[in-house]
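Below is one structure, written out as structure tokens; the observations come after it.
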Amino acid sequence: MNTVKSNSIKNLNGHIEIRIEADESHKNPILYVKARKEENCSLSFSPYSFNNNKVIFRIPASSLSYTNIYYDAYLEYINRDGDLVQERIKNSSRRKRLALNLLNLKHQRVQHSEHEYLVTEYFAVGGYLAFQVRKTDEYDNYKYKLKEFLACLLAPLMYWRYKDSKLIYEKFSNYARDNSFYYFAYTQKNDKHNKLFYIITKNSPDIKNLEPYKKNVVYFMSIKHILLILISKYFIASESKGHAYAWRHNQSIPRYFLNRKPFVFLQHGVLGLKKVDRTFFANNRLNHADLFITSSEIEKKIVLDFLGYKEQDVAVTGLARWDNFKGLSKEKKIFVMPTWRVQLDLLSDEEFLRSEFYLAYSKLLHSTKIKQILHDNSYQLHFMLHPKFVRFEKYFMSDDENIKIIHQSEEPIDQELKTSELLITDYSSIMWDALYYDCPTLLFQFDQDDYLQRQGSYLDFQADLKDIIIKNPQILLKKIVAFMQNKETVNLSSLKQKYFSYTDQENSKRIYDSIGQWESSYQFKPLYKKHS
């Protein structure tokens with residue numbers, strides 16, 4: 001696909017004005033603003049004016065739907081041969097792209113329903129023009145712009161003190177309970193001279209977990225946090241790079257530096273049941289991992305074959321959180337936790353309540369039969385949603401004393417797994433944690449055909465998992481009864497041997513050694529060279 005050049009972009013009152021190079025060979029030009037996820041949110045605009053080899057378009061900021069976050073800009077026209085051509089709009093000047101991406105403080109604020117949104121233009125990877133629509137948050141306050149300014153002033157002065165520092169964090173820098181935390185804790189205990197800093201929000205529910213290591217704790221969006229983003233050597237995390245900074249705040253100097261730092265990916269869970277999006281693919285310029293942690297040779301092969309990494313970029317170590325496999329007492333409890341679905345991401349509340357997903361789990365929670373068998377066998381059922389469904393949590397409830405709806409901010413997942421006698425999930429990677437902890441598991445895949453078509457899996461479900469896959473809700477109830485009354489389960493020991501290279505408590509040590517080997521061979525660029 002060809003590209004056309006943009007001369008300038010301006011924020012006017014309620015509009016974004018785009019000037020594009022064009023001439024008589026561009027007949028009937030139309031600006032096509034393509035929604036990345038929801039095609040029905042795409043829009044077309046006729047020229048505001050067209051003369052002197054320039055075509056000007058004006059986009060009403062409020063016309064971009066808030067249900068789609070990212071849009072890409074194209075010019076459609078009829079060429080000299082009479083063909084309809086579509087070209088992406090680009091700016092070839094690196095200086096102009098940086099000026100827009102780093103220093104553009106003019107956003108269009110629009111109101112949708114009860115919330116205010118920011119509409120922002122920026123240049124994506126490759127210099128292509130794009131737009132973002134996101135809900136405003138506390139970090140849009142100008143005091144954070146002041147913090148960024150002060151951090152930039154301090155960076156040259158503090159560079160030599162923090163140039164060997166590393167940053168580590170978890171989801172939205174708001175938790176300390178997953179692989180990042182357990183690796184961080186191991187490092188603090190075993191390397192007294194480490195320069196690893198943990199990012200955490202001040203009001204995090206897990207702040208107490210970091211109390212023993214507060215010397216190396218940095219509060220999220222503080223001046224020190226932003227300073228370390230600018231100076232630090234690399235990042236380590238169980239989430240993508242974006243979680244180290246204000247979510248979806250893409251236009252700033254700290255974000256620019258963050259995107260260009262090396263990254264060690266500890267993983268959130270084991271790959272297999274669910275095909276991942278392109279976020280962590282080796283060819284993703286922003287989020288690829290320079291070192292990718294895995295748990296087995298099988299998982300390593302997935303990373304090599306499907307994600308495009310090279311042998312030297314992948315380490316087989318096991319997950320850091322598995323080192324915390326303490327002998328917690330089992331409770332008479334069933335833990336139910338389904339994963340998210342790609343088609344539910346941007347649904348309205350009304351649409352979600354009509355979804356097959358909601359109806360399936362709502363029916364399970366309100367089933368008279370499940371309530372009765374829990375009561376008869378003195379069992380509890382704990383139900384937890386995936387974090388991506390947090391806005392729909394209010395629709396899952398129960399008035400039964402044996403059924404409890406729990407939230408991730410209240411109870412860590414690994415504690416639920418370790419204390420439960422049975423896990424019911426679907427395509428979630430927590431199945432592997434349950435397998436590691438010897439917790440019997442059932443996979444409730446009522447929508448398997450649709451899931452495989454939309455999301456896909458790296459594994460053949462029928463090859464290894466057919467004995468624990470259940471598609472029919474009535475059969476699921478029978479399996480639950482059989483487990484509670486007779487402890488009927490499927491022996492998964494062969495799977496454990498196949499999918500885990502290690503089952504000891506040395507995962508963090510192996511990760512530490514792997515990072516050390518990677519760091520000693522990686523060609524780090526000095527600050528002034530990397531960002532010049």
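Lettering and numbering for the structure tokens are positional, with chains as A, B, ... in the shown order, residues counted from 1 in each chain, and ligands counted from 1 in the shown order.
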
Subject >> Filtered DSSP result for region 318-493 of chain A, state strand (DSSP E or B), as number ranges by chain >> reply: A: 333-336, 380-384, 403-406, 422-425, 441-444, 469-470

Subject >> Spatial neighbours of region 497-508 of chain A, max dist 10 Å, only C-alpha atoms, sep filter under 2 positions, as a PyMOL selection string >> reply: chain A and resi 179-180+182-187+270+272+294-299+316-325+432+435-437+492-495+510-514

Subject >> Of the listed residues A:Leu167, A:Leu385, A:Ile480, A:Ala176, that which approaches Ile373 (chain A) most closely, counting only C-alpha atoms >> reply: A:Ile480

Subject >> Spatial neighbours of region 387-393 of chain A, 8 Å, only C-alpha atoms, chain gap at least 3 places, as an NGL selection string >> reply: :A and (340 or 345 or 349 or 396 or 408)

Keeping N, CA, C and O atoms for every residue in the selection just given, could you write it to a file as a PDB file, in the first residue's frame?
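Writing the result to selection-v8.pdb gives the following:
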```
ATOM      1  N   TRP A 340     -11.596 -14.105  29.744  1.00  0.00           N
ATOM      2  CA  TRP A 340     -12.340 -13.131  28.952  1.00  0.00           C
ATOM      3  C   TRP A 340     -12.525 -13.630  27.520  1.00  0.00           C
ATOM      4  O   TRP A 340     -11.942 -14.619  27.108  1.00  0.00           O
ATOM      5  N   ASP A 345     -15.158  -7.390  24.662  1.00  0.00           N
ATOM      6  CA  ASP A 345     -14.344  -6.273  25.140  1.00  0.00           C
ATOM      7  C   ASP A 345     -15.083  -4.942  25.200  1.00  0.00           C
ATOM      8  O   ASP A 345     -15.007  -4.222  26.190  1.00  0.00           O
ATOM      9  N   ASP A 349     -23.429  -2.535  28.407  1.00  0.00           N
ATOM     10  CA  ASP A 349     -23.969  -3.377  29.470  1.00  0.00           C
ATOM     11  C   ASP A 349     -25.149  -4.205  28.963  1.00  0.00           C
ATOM     12  O   ASP A 349     -25.270  -5.392  29.285  1.00  0.00           O
ATOM     13  N   PHE A 396     -22.913 -10.064  38.454  1.00  0.00           N
ATOM     14  CA  PHE A 396     -22.763 -11.424  38.984  1.00  0.00           C
ATOM     15  C   PHE A 396     -22.939 -11.364  40.493  1.00  0.00           C
ATOM     16  O   PHE A 396     -22.130 -10.770  41.200  1.00  0.00           O
ATOM     17  N   GLN A 408     -10.630  -9.707  42.437  1.00  0.00           N
ATOM     18  CA  GLN A 408      -9.177  -9.890  42.500  1.00  0.00           C
ATOM     19  C   GLN A 408      -8.513  -8.923  43.461  1.00  0.00           C
ATOM     20  O   GLN A 408      -7.431  -9.196  43.971  1.00  0.00           O
TER      21      GLN A 408
END
```

Subject >> Separation of CA of Pro254 (chain A) from CA of Gln523 (chain A) in Å >> reply: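 According to the coordinates, CA of Gln523 (chain A) and CA of Pro254 (chain A) are separated by 21.9 Å.
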
With 10 Å as the cut-off and only C-alpha atoms counted, what is the closest atom pair between each nearby residue of region 310-425 of chain A and region 200-213 of chain A? Distances in Å to one decimal, ordered by chain and number, as a tab-separated table.
```
residue	atom	partner	partner_atom	distance
A:Gln408	CA	A:Pro205	CA	9.8
A:Ser409	CA	A:Pro205	CA	6.4
A:Glu410	CA	A:Pro205	CA	7.8
A:Glu411	CA	A:Pro205	CA	9.8
A:Pro412	CA	A:Asp206	CA	9.6
```

Neighbours of Glu21 (chain A) within 6 Å (only C-alpha atoms; same-chain residues fewer than 4 positions away dropped), as a PDB file with all heavy atoms, in the first residue's frame?
```
ATOM      1  N   LYS A   5       1.561  12.110   2.208  1.00  0.00           N
ATOM      2  CA  LYS A   5       2.189  12.880   3.273  1.00  0.00           C
ATOM      3  C   LYS A   5       1.241  13.939   3.827  1.00  0.00           C
ATOM      4  O   LYS A   5       0.516  14.596   3.080  1.00  0.00           O
ATOM      5  CB  LYS A   5       3.458  13.554   2.743  1.00  0.00           C
ATOM      6  CG  LYS A   5       4.539  12.567   2.329  1.00  0.00           C
ATOM      7  CD  LYS A   5       5.768  13.303   1.815  1.00  0.00           C
ATOM      8  CE  LYS A   5       6.842  12.321   1.379  1.00  0.00           C
ATOM      9  NZ  LYS A   5       8.047  13.013   0.853  1.00  0.00           N
ATOM     10  N   ASN A  53      -2.262  22.133  -4.603  1.00  0.00           N
ATOM     11  CA  ASN A  53      -1.632  20.850  -4.254  1.00  0.00           C
ATOM     12  C   ASN A  53      -1.814  20.461  -2.787  1.00  0.00           C
ATOM     13  O   ASN A  53      -1.024  19.697  -2.237  1.00  0.00           O
ATOM     14  CB  ASN A  53      -0.124  20.869  -4.584  1.00  0.00           C
ATOM     15  CG  ASN A  53       0.126  21.008  -6.065  1.00  0.00           C
ATOM     16  OD1 ASN A  53      -0.685  20.562  -6.874  1.00  0.00           O
ATOM     17  ND2 ASN A  53       1.240  21.632  -6.418  1.00  0.00           N
ATOM     18  N   LYS A  54      -2.810  21.002  -2.177  1.00  0.00           N
ATOM     19  CA  LYS A  54      -3.112  20.643  -0.785  1.00  0.00           C
ATOM     20  C   LYS A  54      -4.602  20.373  -0.654  1.00  0.00           C
ATOM     21  O   LYS A  54      -5.428  21.093  -1.220  1.00  0.00           O
ATOM     22  CB  LYS A  54      -2.715  21.758   0.182  1.00  0.00           C
ATOM     23  CG  LYS A  54      -1.223  21.978   0.329  1.00  0.00           C
ATOM     24  CD  LYS A  54      -0.946  23.039   1.370  1.00  0.00           C
ATOM     25  CE  LYS A  54       0.550  23.274   1.534  1.00  0.00           C
ATOM     26  NZ  LYS A  54       1.159  23.844   0.320  1.00  0.00           N
TER      27      LYS A  54
END
```

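Nearest to Lys27 (chain A) of all the residues A:Ile253, A:Leu43, A:Ser63, A:Ile78 is A:Ile78, counting only C-alpha atoms.
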
**OP:** Mind checking which residues fall within 7 Å of Ser25 (chain A), counting only C-alpha atoms, ignoring those fewer than 2 positions away in the same chain, and posting them as a PyMOL selection string?
**Re:** chain A and resi 23+27+79-80

Using only all heavy atoms, please write the residues we just selected to a file, as a PDB file, in the first residue's frame.
```pdb
ATOM      1  N   ASP A  23      -2.478  16.427  -5.609  1.00  0.00           N
ATOM      2  CA  ASP A  23      -2.469  17.192  -6.853  1.00  0.00           C
ATOM      3  C   ASP A  23      -3.581  16.686  -7.767  1.00  0.00           C
ATOM      4  O   ASP A  23      -4.479  15.960  -7.327  1.00  0.00           O
ATOM      5  CB  ASP A  23      -1.100  17.115  -7.541  1.00  0.00           C
ATOM      6  CG  ASP A  23      -0.646  15.679  -7.766  1.00  0.00           C
ATOM      7  OD1 ASP A  23      -1.512  14.825  -8.064  1.00  0.00           O
ATOM      8  OD2 ASP A  23       0.559  15.407  -7.633  1.00  0.00           O
ATOM      9  N   LYS A  27      -8.028  12.419  -7.747  1.00  0.00           N
ATOM     10  CA  LYS A  27      -9.392  12.858  -8.027  1.00  0.00           C
ATOM     11  C   LYS A  27     -10.354  12.359  -6.949  1.00  0.00           C
ATOM     12  O   LYS A  27     -10.231  11.249  -6.449  1.00  0.00           O
ATOM     13  CB  LYS A  27      -9.839  12.342  -9.394  1.00  0.00           C
ATOM     14  CG  LYS A  27      -9.054  12.939 -10.563  1.00  0.00           C
ATOM     15  CD  LYS A  27      -9.573  12.415 -11.888  1.00  0.00           C
ATOM     16  CE  LYS A  27      -8.786  13.020 -13.051  1.00  0.00           C
ATOM     17  NZ  LYS A  27      -9.265  12.498 -14.356  1.00  0.00           N
ATOM     18  N   ASN A  79      -7.218   7.472  -9.185  1.00  0.00           N
ATOM     19  CA  ASN A  79      -5.957   7.860  -9.830  1.00  0.00           C
ATOM     20  C   ASN A  79      -6.151   8.088 -11.333  1.00  0.00           C
ATOM     21  O   ASN A  79      -7.273   7.996 -11.853  1.00  0.00           O
ATOM     22  CB  ASN A  79      -4.859   6.833  -9.556  1.00  0.00           C
ATOM     23  CG  ASN A  79      -5.141   5.483 -10.201  1.00  0.00           C
ATOM     24  OD1 ASN A  79      -6.037   5.338 -11.039  1.00  0.00           O
ATOM     25  ND2 ASN A  79      -4.356   4.482  -9.815  1.00  0.00           N
ATOM     26  N   ARG A  80      -5.056   8.362 -12.040  1.00  0.00           N
ATOM     27  CA  ARG A  80      -5.135   8.698 -13.473  1.00  0.00           C
ATOM     28  C   ARG A  80      -5.677   7.545 -14.306  1.00  0.00           C
ATOM     29  O   ARG A  80      -6.217   7.743 -15.393  1.00  0.00           O
ATOM     30  CB  ARG A  80      -3.745   9.098 -13.993  1.00  0.00           C
ATOM     31  CG  ARG A  80      -3.285  10.465 -13.500  1.00  0.00           C
ATOM     32  CD  ARG A  80      -2.046  10.895 -14.275  1.00  0.00           C
ATOM     33  NE  ARG A  80      -1.634  12.241 -13.932  1.00  0.00           N
ATOM     34  CZ  ARG A  80      -0.692  12.538 -13.042  1.00  0.00           C
ATOM     35  NH1 ARG A  80      -0.091  11.564 -12.381  1.00  0.00           N
ATOM     36  NH2 ARG A  80      -0.378  13.792 -12.789  1.00  0.00           N
TER      37      ARG A  80
END
```

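Take the candidates A:Leu442, A:Ile475, A:Leu459, A:Ala22 and check each one against Pro338 (chain A) using only C-alpha atoms; the shortest distance goes to A:Leu442.
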
**OP:** Skip Ala124 (chain A) itself and residues of its chain fewer than 2 positions away, then list as a list of chain:residue names all residues within 10 Å of it, counting only C-alpha atoms.
**Re:** A:Asp72, A:Lys90, A:Arg97, A:Asn101, A:Glu121, A:Tyr122, A:Gly126, A:Gly127, A:Tyr128, A:Leu129, A:Ala130, A:Phe131, A:Asn250
